[in-house]
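Structure file run_38.txt (compact mmCIF, C-alpha atoms and all ligand atoms) follows.
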# COMPACT_ATOMS: atom_id res chain seq x y z
CA MET A 1 2.27 -8.45 28.77
CA ARG A 2 0.31 -10.22 26.07
CA GLN A 3 1.85 -9.47 22.69
CA THR A 4 -0.69 -10.72 20.21
CA LEU A 5 -4.30 -10.06 19.39
CA ASP A 6 -6.53 -12.67 20.91
CA ALA A 7 -9.64 -13.82 19.06
CA HIS A 8 -11.53 -14.06 22.37
CA ASP A 9 -11.14 -10.39 23.14
CA ALA A 10 -13.57 -7.89 21.75
CA PRO A 11 -11.27 -4.91 22.09
CA SER A 12 -12.42 -1.77 20.43
CA ARG A 13 -9.55 -0.19 22.40
CA PRO A 14 -6.27 -1.97 21.72
CA LEU A 15 -3.54 -2.91 24.20
CA ARG A 16 -0.88 -1.58 21.86
CA GLU A 17 -1.25 1.14 19.25
CA ARG A 18 -2.99 -0.34 16.25
CA VAL A 19 -1.76 -0.12 12.69
CA PHE A 20 -3.70 -0.72 9.48
CA SER A 21 -2.66 -0.47 5.86
CA GLY A 22 -4.11 -1.78 2.62
CA ILE A 23 -2.67 -2.79 -0.72
CA GLN A 24 -4.65 -3.37 -3.89
CA PRO A 25 -4.39 -6.72 -5.67
CA SER A 26 -4.47 -4.95 -9.01
CA GLY A 27 -1.04 -6.16 -10.15
CA ALA A 28 2.27 -7.46 -8.84
CA SER A 29 4.09 -5.69 -5.97
CA HIS A 30 6.56 -3.18 -7.36
CA LEU A 31 9.48 -1.07 -6.17
CA GLY A 32 7.16 1.81 -5.19
CA ASN A 33 5.01 -0.49 -3.03
CA TYR A 34 8.06 -2.03 -1.41
CA LEU A 35 10.14 1.09 -0.75
CA GLY A 36 7.17 3.34 0.04
CA ALA A 37 5.10 1.05 2.23
CA GLN A 38 5.98 -2.65 2.58
CA VAL A 39 9.28 -1.90 4.33
CA ASN A 40 7.29 -0.27 7.11
CA TYR A 41 4.63 -2.99 7.15
CA VAL A 42 7.39 -5.42 8.09
CA ALA A 43 9.15 -3.11 10.57
CA MET A 44 5.95 -2.16 12.40
CA GLN A 45 5.00 -5.77 13.16
CA GLU A 46 7.61 -5.78 15.91
CA GLU A 47 6.17 -3.00 17.99
CA PHE A 48 2.51 -2.53 17.08
CA GLU A 49 -0.69 -4.50 16.70
CA THR A 50 -0.68 -4.70 12.90
CA ILE A 51 -3.46 -5.44 10.44
CA TYR A 52 -2.73 -5.47 6.71
CA GLY A 53 -5.46 -5.74 4.13
CA ILE A 54 -5.47 -6.94 0.56
CA VAL A 55 -8.11 -4.54 -0.57
CA ASP A 56 -9.94 -6.33 -3.34
CA TYR A 57 -13.06 -4.12 -3.19
CA HIS A 58 -10.75 -1.26 -4.15
CA ALA A 59 -9.18 -3.26 -6.98
CA LEU A 60 -12.63 -3.73 -8.55
CA THR A 61 -12.28 -0.13 -9.76
CA THR A 62 -9.54 -1.23 -12.19
CA VAL A 63 -9.60 -5.05 -12.54
CA HIS A 64 -12.74 -6.21 -14.32
CA ASP A 65 -12.03 -9.90 -14.83
CA GLY A 66 -13.12 -12.04 -11.88
CA ALA A 67 -10.67 -14.90 -12.41
CA GLU A 68 -7.82 -12.42 -12.79
CA LEU A 69 -8.73 -10.54 -9.61
CA ARG A 70 -8.82 -13.79 -7.66
CA ARG A 71 -5.41 -14.77 -9.05
CA LEU A 72 -3.91 -11.37 -8.24
CA THR A 73 -5.26 -11.53 -4.67
CA HIS A 74 -3.64 -14.94 -4.20
CA GLU A 75 -0.34 -13.62 -5.59
CA MET A 76 -0.44 -10.57 -3.32
CA VAL A 77 -0.69 -12.77 -0.22
CA LEU A 78 2.44 -14.59 -1.38
CA ASP A 79 4.21 -11.27 -2.08
CA LEU A 80 3.45 -9.96 1.39
CA LEU A 81 4.53 -13.14 3.14
CA ALA A 82 7.72 -13.21 1.07
CA VAL A 83 8.71 -9.63 1.93
CA GLY A 84 8.49 -10.59 5.60
CA LEU A 85 4.98 -10.35 6.98
CA ASP A 86 4.63 -12.90 9.73
CA PRO A 87 1.06 -14.19 10.28
CA GLN A 88 1.99 -14.93 13.91
CA ARG A 89 2.62 -11.25 14.48
CA CYS A 90 0.23 -9.46 12.12
CA ALA A 91 -3.24 -10.13 10.78
CA LEU A 92 -3.28 -10.42 6.99
CA ILE A 93 -6.83 -10.03 5.72
CA ARG A 94 -8.76 -10.00 2.45
CA GLN A 95 -11.06 -6.97 2.54
CA SER A 96 -14.02 -8.71 0.89
CA ASP A 97 -14.04 -11.38 3.64
CA LEU A 98 -15.15 -8.57 5.95
CA PRO A 99 -18.08 -6.73 4.32
CA GLU A 100 -18.36 -4.49 7.39
CA HIS A 101 -15.70 -2.33 5.69
CA ALA A 102 -18.17 -1.58 2.90
CA GLU A 103 -21.00 -0.95 5.34
CA LEU A 104 -18.96 1.64 7.23
CA ALA A 105 -17.98 3.27 3.93
CA TRP A 106 -21.68 3.62 3.11
CA ILE A 107 -22.34 5.26 6.47
CA PHE A 108 -19.38 7.60 5.87
CA ASN A 109 -20.85 8.40 2.43
CA THR A 110 -23.75 10.04 4.20
CA VAL A 111 -21.34 12.32 6.06
CA VAL A 112 -18.86 13.20 3.29
CA PRO A 113 -19.58 16.10 0.92
CA VAL A 114 -19.07 15.15 -2.75
CA SER A 115 -16.62 18.04 -3.22
CA TRP A 116 -14.15 16.40 -0.80
CA VAL A 117 -13.74 13.31 -2.97
CA GLU A 118 -13.83 15.18 -6.27
CA ARG A 119 -10.70 17.12 -5.37
CA THR A 120 -8.62 14.04 -4.44
CA PRO A 121 -5.38 14.09 -6.51
CA THR A 122 -5.33 10.31 -7.12
CA TYR A 123 -8.86 10.47 -8.52
CA LYS A 124 -7.74 13.07 -11.03
CA GLU A 125 -4.58 11.06 -11.81
CA LYS A 126 -6.50 7.85 -12.44
CA ARG A 127 -8.96 9.69 -14.67
CA GLN A 128 -5.98 10.97 -16.68
CA GLN A 129 -4.70 7.39 -17.00
CA GLY A 130 -8.05 6.52 -18.57
CA VAL A 131 -9.49 4.57 -15.63
CA GLU A 132 -13.28 4.38 -15.96
CA ASN A 133 -15.01 7.17 -14.04
CA SER A 134 -17.13 4.95 -11.81
CA MET A 135 -18.79 5.80 -8.50
CA GLY A 136 -16.30 3.36 -6.94
CA LEU A 137 -13.33 5.34 -8.22
CA LEU A 138 -14.75 8.55 -6.80
CA ASP A 139 -15.62 6.88 -3.51
CA TYR A 140 -12.28 5.11 -3.14
CA PRO A 141 -10.91 7.37 -0.35
CA VAL A 142 -14.12 6.97 1.67
CA LEU A 143 -13.76 3.18 1.63
CA GLN A 144 -10.11 3.67 2.50
CA ALA A 145 -11.08 5.74 5.56
CA ALA A 146 -13.50 2.99 6.59
CA ASP A 147 -10.76 0.32 6.17
CA ILE A 148 -8.56 2.15 8.66
CA VAL A 149 -10.99 3.40 11.24
CA ILE A 150 -13.11 0.26 11.52
CA TYR A 151 -10.10 -1.02 13.50
CA LYS A 152 -9.63 2.34 15.26
CA ALA A 153 -6.10 2.23 13.88
CA THR A 154 -4.00 5.26 14.74
CA ARG A 155 -1.03 4.68 12.42
CA VAL A 156 -1.06 3.94 8.74
CA PRO A 157 2.17 2.99 6.93
CA VAL A 158 1.73 4.30 3.37
CA GLY A 159 3.75 5.82 0.55
CA LYS A 160 3.91 9.59 0.25
CA ASP A 161 1.50 9.42 -2.70
CA GLN A 162 -1.17 8.67 -0.08
CA ALA A 163 -0.66 11.83 2.01
CA ALA A 164 -3.79 13.54 0.63
CA HIS A 165 -5.92 10.41 1.17
CA LEU A 166 -4.83 10.20 4.79
CA GLU A 167 -5.67 13.85 5.30
CA LEU A 168 -9.11 13.11 3.87
CA SER A 169 -9.50 10.12 6.22
CA ARG A 170 -8.80 12.47 9.11
CA GLU A 171 -11.39 14.96 7.83
CA ILE A 172 -13.96 12.16 7.49
CA VAL A 173 -13.30 11.05 11.07
CA ARG A 174 -13.74 14.63 12.29
CA ALA A 175 -16.99 15.01 10.34
CA PHE A 176 -18.37 11.72 11.68
CA ASN A 177 -17.29 12.47 15.26
CA ARG A 178 -18.87 15.94 15.07
CA ARG A 179 -22.18 14.46 13.98
CA TYR A 180 -22.33 11.40 16.24
CA GLY A 181 -19.78 11.78 19.03
CA PRO A 182 -16.04 11.15 19.39
CA ILE A 183 -15.66 7.44 18.76
CA PHE A 184 -12.95 7.32 16.12
CA PRO A 185 -9.30 8.39 16.55
CA GLU A 186 -7.70 10.39 13.73
CA PRO A 187 -5.21 8.15 11.90
CA GLU A 188 -1.67 9.40 11.24
CA PRO A 189 0.34 8.35 8.18
CA VAL A 190 3.75 6.74 8.70
CA PHE A 191 6.10 7.31 5.75
CA THR A 192 9.43 5.75 4.85
CA GLU A 193 12.30 8.07 3.90
CA VAL A 194 11.59 7.36 0.23
CA PRO A 195 9.94 10.00 -1.96
CA VAL A 196 7.16 8.88 -4.30
CA VAL A 197 8.90 6.42 -6.63
CA LEU A 198 8.60 7.32 -10.30
CA GLY A 199 7.74 4.73 -12.93
CA THR A 200 9.93 3.43 -15.73
CA ASP A 201 8.62 6.36 -17.83
CA GLY A 202 10.51 8.67 -15.44
CA ALA A 203 7.51 11.01 -15.48
CA THR A 204 4.63 9.63 -13.42
CA LYS A 205 4.25 7.72 -10.16
CA MET A 206 5.11 4.04 -10.39
CA SER A 207 1.70 2.41 -10.13
CA LYS A 208 0.12 -0.92 -10.98
CA SER A 209 -2.65 0.81 -12.89
CA ALA A 210 -0.19 2.92 -14.95
CA GLY A 211 1.74 -0.08 -16.36
CA ASN A 212 5.12 1.56 -15.58
CA THR A 213 6.31 -0.68 -12.78
CA ILE A 214 9.32 -2.80 -11.90
CA PRO A 215 7.72 -5.78 -10.12
CA ILE A 216 9.99 -6.89 -7.29
CA PHE A 217 9.40 -10.59 -7.99
CA ALA A 218 9.68 -10.46 -11.78
CA GLU A 219 12.18 -12.90 -13.32
CA PRO A 220 15.75 -11.50 -13.31
CA ASP A 221 15.76 -11.12 -17.10
CA GLU A 222 12.50 -9.20 -16.96
CA ILE A 223 13.93 -6.87 -14.30
CA ARG A 224 16.99 -6.33 -16.54
CA ARG A 225 14.76 -5.55 -19.52
CA LEU A 226 12.57 -3.11 -17.57
CA VAL A 227 15.50 -1.28 -15.99
CA MET A 228 17.37 -1.02 -19.33
CA ASN A 229 14.24 0.56 -20.85
CA MET A 230 13.85 3.16 -18.10
CA VAL A 231 13.65 6.76 -19.25
CA THR A 232 16.52 8.75 -17.69
CA ASP A 233 17.69 12.31 -18.32
CA ARG A 234 16.24 13.20 -21.74
CA GLN A 235 18.79 15.99 -22.19
CA ARG A 236 21.70 13.54 -22.01
CA ILE A 237 21.89 12.46 -25.61
CA ARG A 238 25.55 11.45 -26.14
CA ARG A 239 27.61 9.31 -23.77
CA SER A 240 29.98 12.29 -23.29
CA ASP A 241 27.17 14.70 -22.23
CA PRO A 242 27.13 15.40 -18.48
CA GLY A 243 24.08 13.88 -16.76
CA ARG A 244 21.73 15.34 -14.15
CA PRO A 245 21.41 12.67 -11.44
CA GLU A 246 18.93 14.76 -9.48
CA ILE A 247 16.33 14.27 -12.21
CA CYS A 248 17.44 10.80 -13.38
CA ASN A 249 15.18 8.12 -11.96
CA VAL A 250 17.86 5.41 -12.28
CA CYS A 251 20.31 7.50 -10.21
CA GLN A 252 17.62 8.20 -7.64
CA LEU A 253 16.80 4.50 -7.25
CA HIS A 254 20.48 3.70 -6.65
CA ARG A 255 20.10 5.48 -3.27
CA PHE A 256 18.15 2.51 -1.97
CA PHE A 257 20.32 -0.29 -3.33
CA GLY A 258 23.84 0.50 -2.13
CA SER A 259 25.87 2.93 -0.04
CA ASP A 260 27.96 4.18 -2.97
CA TYR A 261 25.16 6.12 -4.67
CA LEU A 262 26.99 9.46 -4.34
CA GLN A 263 29.89 8.06 -6.38
CA ILE A 264 27.43 6.65 -8.91
CA GLN A 265 25.70 10.01 -9.22
CA ASP A 266 29.06 11.74 -9.56
CA GLY A 267 29.97 9.35 -12.38
CA GLU A 268 26.83 10.41 -14.23
CA ARG A 269 27.33 14.11 -13.56
CA THR A 270 30.89 14.04 -14.95
CA ALA A 271 30.04 11.59 -17.79
CA ARG A 272 32.63 9.17 -16.37
CA THR A 273 29.90 6.56 -16.63
CA GLY A 274 27.06 6.22 -19.12
CA CYS A 275 23.39 5.46 -18.58
CA VAL A 276 23.87 1.87 -19.75
CA ASP A 277 26.50 1.14 -17.06
CA THR A 278 24.37 2.73 -14.35
CA LYS A 279 21.27 0.82 -15.44
CA GLN A 280 23.09 -2.52 -15.62
CA LEU A 281 24.40 -2.02 -12.10
CA LEU A 282 20.96 -1.04 -10.79
CA ALA A 283 19.29 -4.08 -12.36
CA GLU A 284 21.84 -6.46 -10.80
CA ARG A 285 21.49 -4.81 -7.41
CA ILE A 286 17.69 -5.02 -7.47
CA ILE A 287 17.86 -8.70 -8.46
CA GLU A 288 20.40 -9.40 -5.70
CA PHE A 289 18.42 -7.50 -3.07
CA PHE A 290 15.23 -9.46 -3.68
CA ARG A 291 16.93 -12.84 -4.25
CA PRO A 292 16.27 -14.27 -0.73
CA MET A 293 12.67 -13.02 -0.79
CA ARG A 294 12.18 -14.57 -4.23
CA ALA A 295 13.41 -17.92 -2.88
CA GLU A 296 11.05 -17.64 0.09
CA ARG A 297 8.18 -16.79 -2.24
CA ALA A 298 8.86 -19.88 -4.36
CA ARG A 299 8.90 -22.02 -1.20
CA LEU A 300 5.56 -20.57 -0.05
CA ALA A 301 3.94 -20.88 -3.48
CA ALA A 302 4.62 -24.63 -3.47
CA ASP A 303 2.18 -25.03 -0.55
CA PRO A 304 -1.35 -24.80 -1.98
CA ALA A 305 -2.94 -24.19 1.45
CA VAL A 306 -0.76 -21.39 2.75
CA VAL A 307 -2.74 -18.46 1.28
CA GLU A 308 -6.19 -19.43 2.51
CA GLU A 309 -4.81 -20.53 5.89
CA THR A 310 -3.12 -17.16 6.34
CA LEU A 311 -6.30 -15.29 5.42
CA ALA A 312 -8.45 -17.46 7.71
CA ALA A 313 -6.12 -16.74 10.64
CA GLY A 314 -6.20 -13.00 9.84
CA ARG A 315 -9.99 -13.01 9.67
CA ALA A 316 -10.30 -14.76 13.04
CA LYS A 317 -7.99 -12.20 14.67
CA VAL A 318 -9.80 -9.11 13.41
CA ARG A 319 -13.44 -10.28 13.60
CA PRO A 320 -13.97 -9.31 17.27
CA ILE A 321 -12.57 -5.81 16.71
CA LEU A 322 -14.62 -5.26 13.62
CA GLU A 323 -17.81 -6.57 15.20
CA ALA A 324 -17.35 -4.32 18.23
CA THR A 325 -16.92 -1.21 16.07
CA THR A 326 -19.79 -2.14 13.78
CA ALA A 327 -22.16 -2.65 16.72
CA GLU A 328 -21.07 0.65 18.25
CA VAL A 329 -21.59 2.55 14.99
CA ARG A 330 -24.95 0.93 14.21
CA GLN A 331 -26.20 1.79 17.68
CA LEU A 332 -24.98 5.36 17.39
CA VAL A 333 -26.41 6.14 13.96
CA GLY A 334 -29.65 4.26 14.67
CA ILE A 335 -29.65 1.33 12.24
CA GLY A 336 -30.36 -2.30 13.05
CA PRO A 337 -32.06 -3.55 16.20
CA ARG A 338 -31.65 -1.65 19.47
CA ARG A 339 -28.86 -3.13 21.59
CA ALA A 340 -29.67 -4.32 25.10
CA PRO A 341 -28.62 -1.61 27.58
P1 LIG B 401 -0.60 1.09 -6.79
O1 LIG B 401 -0.64 2.59 -6.95
O2 LIG B 401 0.61 0.49 -7.39
O3 LIG B 401 -1.88 0.39 -7.20
P2 LIG B 401 -1.55 0.73 -4.08
O4 LIG B 401 -2.57 1.80 -4.31
O5 LIG B 401 -2.03 -0.67 -3.91
O6 LIG B 401 -0.45 0.80 -5.23
O7 LIG B 401 -0.66 1.15 -2.84
C1 LIG B 401 -0.07 0.23 -1.92
C2 LIG B 401 0.94 0.99 -1.10
O8 LIG B 401 2.09 1.30 -1.89
C3 LIG B 401 0.41 2.34 -0.61
O9 LIG B 401 0.85 2.54 0.72
C4 LIG B 401 1.05 3.34 -1.52
O10 LIG B 401 1.25 4.59 -0.89
C5 LIG B 401 2.37 2.68 -1.82
N1 LIG B 401 2.85 3.11 -3.15
C6 LIG B 401 2.27 2.81 -4.34
N2 LIG B 401 2.97 3.35 -5.35
C7 LIG B 401 4.00 4.04 -4.78
C8 LIG B 401 5.07 4.81 -5.31
N3 LIG B 401 5.22 4.97 -6.62
N4 LIG B 401 5.95 5.37 -4.45
C9 LIG B 401 5.81 5.19 -3.10
N5 LIG B 401 4.83 4.45 -2.55
C10 LIG B 401 3.92 3.88 -3.36

Take the structure in the file and give it back as structure tokens.
Ligand code: ADP
Amino acid sequence: MRQTLDAHDAPSRPLRERVFSGIQPSGASHLGNYLGAQVNYVAMQEEFETIYGIVDYHALTTVHDGAELRRLTHEMVLDLLAVGLDPQRCALIRQSDLPEHAELAWIFNTVVPVSWVERTPTYKEKRQQGVENSMGLLDYPVLQAADIVIYKATRVPVGKDQAAHLELSREIVRAFNRRYGPIFPEPEPVFTEVPVVLGTDGATKMSKSAGNTIPIFAEPDEIRRLVMNMVTDRQRIRRSDPGRPEICNVCQLHRFFGSDYLQIQDGERTARTGCVDTKQLLAERIIEFFRPMRAERARLAADPAVVEETLAAGRAKVRPILEATTAEVRQLVGIGPRRAP
């Protein structure tokens, strides 16, 4: 059986189940991105037809400097290749290379009641962080739905922070299908075992736009500095006070960087160890874990052509799918020239 997408096909129905997920180039990849989503991006390449998007239209809601956005997009391609995305197996795309995403979002806008997007939790969160209240910010989950369903993807590897958005994508699909006929499948989220990763403030979701991240490819000394500054259990004031590992973000992160986390948590609970020891150990383990990926990233970054070549290959793979869906939708809703019967 053929294992890869072929640019000569125009399959709106895939041979294997299709997967799509997007990541914003609004900052460097961080532990939340990696543990919540990127781990599954890599794993799902083996079994599924995978398309991963660097969603720069989305990032326009928070990054307002053109040169910076272009730089961050370039860096995100390198991050994704370094964590293990293989352009032979997946299609890595830049959203803005494929404006059909935005066209489908516009069509969805005519189906989606405003109240659905106003109640989205991430919209409220971003407003609280002080992100400008633009139409783009409000419309973000509609574009996200378009990103997924333009490929008729059925599975979407995302972090648990995205559960509400995925539910909204499903509602949008149902609303569209009710109005025009059943052409889109409802996408299902695929989560890792990791809960939403908290930021270095220990209080809110780790997020590029919140400035509370531990970037996975930061220099080792920077990772040490960020981990040492993490907020832990605020009630543990003296070294001899017993800690509460269940609410300490450092203890929680240890679960993903070693098999001895129960002992580490016990050390905190009994005050056998102090926060400083536990943080130092975590920082070294994070640095060690990402060391081979960091080396791979440096190797890739030395090749000035690799990013645009990867994106060109991704574009060529997805174009036929996207064109087939766009033609089908335009015909159905009655825009553009009539298609030959
Ligand atoms: P950010 O919030 O940092 O801008 P994105 O919106 O680009 O991240 O999300 C990229 C992927 O990373 C999504 O699948 C999202 O669910 C996941 N993700 C982002 N932050 C976290 C987090 N703190 N914990 C778990 N997953 C996360």

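As for atom CA of Leu226 of chain A and atom CA of Val196 of chain A, they are spaced 18.7 Å apart.
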
Item to check | Surrounding residues as a list in words, ligand LIG 401 (chain B), max 6 Å, all atoms listed in the file | outcome: Ile23, Gln24, Gly32, Asn33, Gly36, Ala37, Val158, Gly159, Lys160, Asp161, Gln162, Val196, Val197, Leu198, Lys205, Met206, Ser207, Lys208 and Ser209 of chain A

Export, as a short mmCIF file (atom, residue, chain, number, x, y, z; two decimals), in the frame of the given file, the selected residues with C-alpha atoms.
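Ended up saving to selection06.cif:
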data_model
loop_
_atom_site.label_atom_id
_atom_site.label_comp_id
_atom_site.auth_asym_id
_atom_site.auth_seq_id
_atom_site.Cartn_x
_atom_site.Cartn_y
_atom_site.Cartn_z
CA ILE A 23 -2.67 -2.79 -0.72
CA GLN A 24 -4.65 -3.37 -3.89
CA GLY A 32 7.16 1.81 -5.19
CA ASN A 33 5.01 -0.49 -3.03
CA GLY A 36 7.17 3.34 0.04
CA ALA A 37 5.10 1.05 2.23
CA VAL A 158 1.73 4.30 3.37
CA GLY A 159 3.75 5.82 0.55
CA LYS A 160 3.91 9.59 0.25
CA ASP A 161 1.50 9.42 -2.70
CA GLN A 162 -1.17 8.67 -0.08
CA VAL A 196 7.16 8.88 -4.30
CA VAL A 197 8.90 6.42 -6.63
CA LEU A 198 8.60 7.32 -10.30
CA LYS A 205 4.25 7.72 -10.16
CA MET A 206 5.11 4.04 -10.39
CA SER A 207 1.70 2.41 -10.13
CA LYS A 208 0.12 -0.92 -10.98
CA SER A 209 -2.65 0.81 -12.89
#

Checklist entry - Neighbours of Val227 of chain A within 12 Å (only C-alpha atoms; same-chain residues fewer than 6 positions away dropped), as a PyMOL selection string? => result chain A and resi 31+199-202+212-216+218+220-221+249-251+253-254+275-287

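The protein and nucleic acid residues lying at most 9 Å from Met293 of chain A are A:Asp79, A:Ala82, A:Val83, A:Gly84, A:Phe217, A:Ala298, with only C-alpha atoms considered and sequence neighbours fewer than 5 positions away removed.
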
If we count only C-alpha atoms, what is near Ala153 of chain A at a cut-off of 7 Å, once residues fewer than 2 positions away on the same chain are taken out, given as a JSON list (two decimals) with C-alpha atoms, keeping the file's coordinate frame?
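Full text of result08.json as output:
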[["chain", "number", "residue", "atom", "x", "y", "z"],
["A", 18, "ARG", "CA", -2.99, -0.34, 16.25],
["A", 19, "VAL", "CA", -1.76, -0.12, 12.69],
["A", 20, "PHE", "CA", -3.70, -0.72, 9.48],
["A", 148, "ILE", "CA", -8.56, 2.15, 8.66],
["A", 149, "VAL", "CA", -10.99, 3.40, 11.24],
["A", 151, "TYR", "CA", -10.10, -1.02, 13.50],
["A", 155, "ARG", "CA", -1.03, 4.68, 12.42],
["A", 187, "PRO", "CA", -5.21, 8.15, 11.90]]

Taking only C-alpha atoms, show segment 132-161 of chain A of the given structure as a PDB file, in the first residue's frame.
ATOM      1  CA  GLU A 132      -5.541  43.511  21.969  1.00  0.00           C
ATOM      2  CA  ASN A 133      -9.234  42.748  21.492  1.00  0.00           C
ATOM      3  CA  SER A 134      -9.162  42.481  17.708  1.00  0.00           C
ATOM      4  CA  MET A 135     -11.652  40.773  15.406  1.00  0.00           C
ATOM      5  CA  GLY A 136      -8.842  38.286  14.677  1.00  0.00           C
ATOM      6  CA  LEU A 137      -8.561  37.312  18.324  1.00  0.00           C
ATOM      7  CA  LEU A 138     -12.293  36.718  18.552  1.00  0.00           C
ATOM      8  CA  ASP A 139     -12.332  34.805  15.275  1.00  0.00           C
ATOM      9  CA  TYR A 140      -9.292  32.676  16.106  1.00  0.00           C
ATOM     10  CA  PRO A 141     -11.220  29.415  16.750  1.00  0.00           C
ATOM     11  CA  VAL A 142     -13.117  29.784  13.461  1.00  0.00           C
ATOM     12  CA  LEU A 143      -9.857  29.981  11.510  1.00  0.00           C
ATOM     13  CA  GLN A 144      -8.634  27.046  13.566  1.00  0.00           C
ATOM     14  CA  ALA A 145     -11.674  24.999  12.524  1.00  0.00           C
ATOM     15  CA  ALA A 146     -10.985  25.911   8.888  1.00  0.00           C
ATOM     16  CA  ASP A 147      -7.301  24.865   9.247  1.00  0.00           C
ATOM     17  CA  ILE A 148      -8.372  21.391  10.321  1.00  0.00           C
ATOM     18  CA  VAL A 149     -11.368  20.676   8.161  1.00  0.00           C
ATOM     19  CA  ILE A 150      -9.994  22.050   4.898  1.00  0.00           C
ATOM     20  CA  TYR A 151      -7.973  18.796   4.938  1.00  0.00           C
ATOM     21  CA  LYS A 152     -10.963  16.785   6.222  1.00  0.00           C
ATOM     22  CA  ALA A 153      -8.668  15.761   9.062  1.00  0.00           C
ATOM     23  CA  THR A 154     -10.295  13.517  11.643  1.00  0.00           C
ATOM     24  CA  ARG A 155      -7.638  13.621  14.378  1.00  0.00           C
ATOM     25  CA  VAL A 156      -5.991  16.633  15.911  1.00  0.00           C
ATOM     26  CA  PRO A 157      -3.051  16.221  18.315  1.00  0.00           C
ATOM     27  CA  VAL A 158      -3.318  19.172  20.717  1.00  0.00           C
ATOM     28  CA  GLY A 159      -2.708  20.034  24.353  1.00  0.00           C
ATOM     29  CA  LYS A 160      -5.596  19.802  26.790  1.00  0.00           C
ATOM     30  CA  ASP A 161      -5.852  23.607  26.803  1.00  0.00           C
TER      31      ASP A 161
END
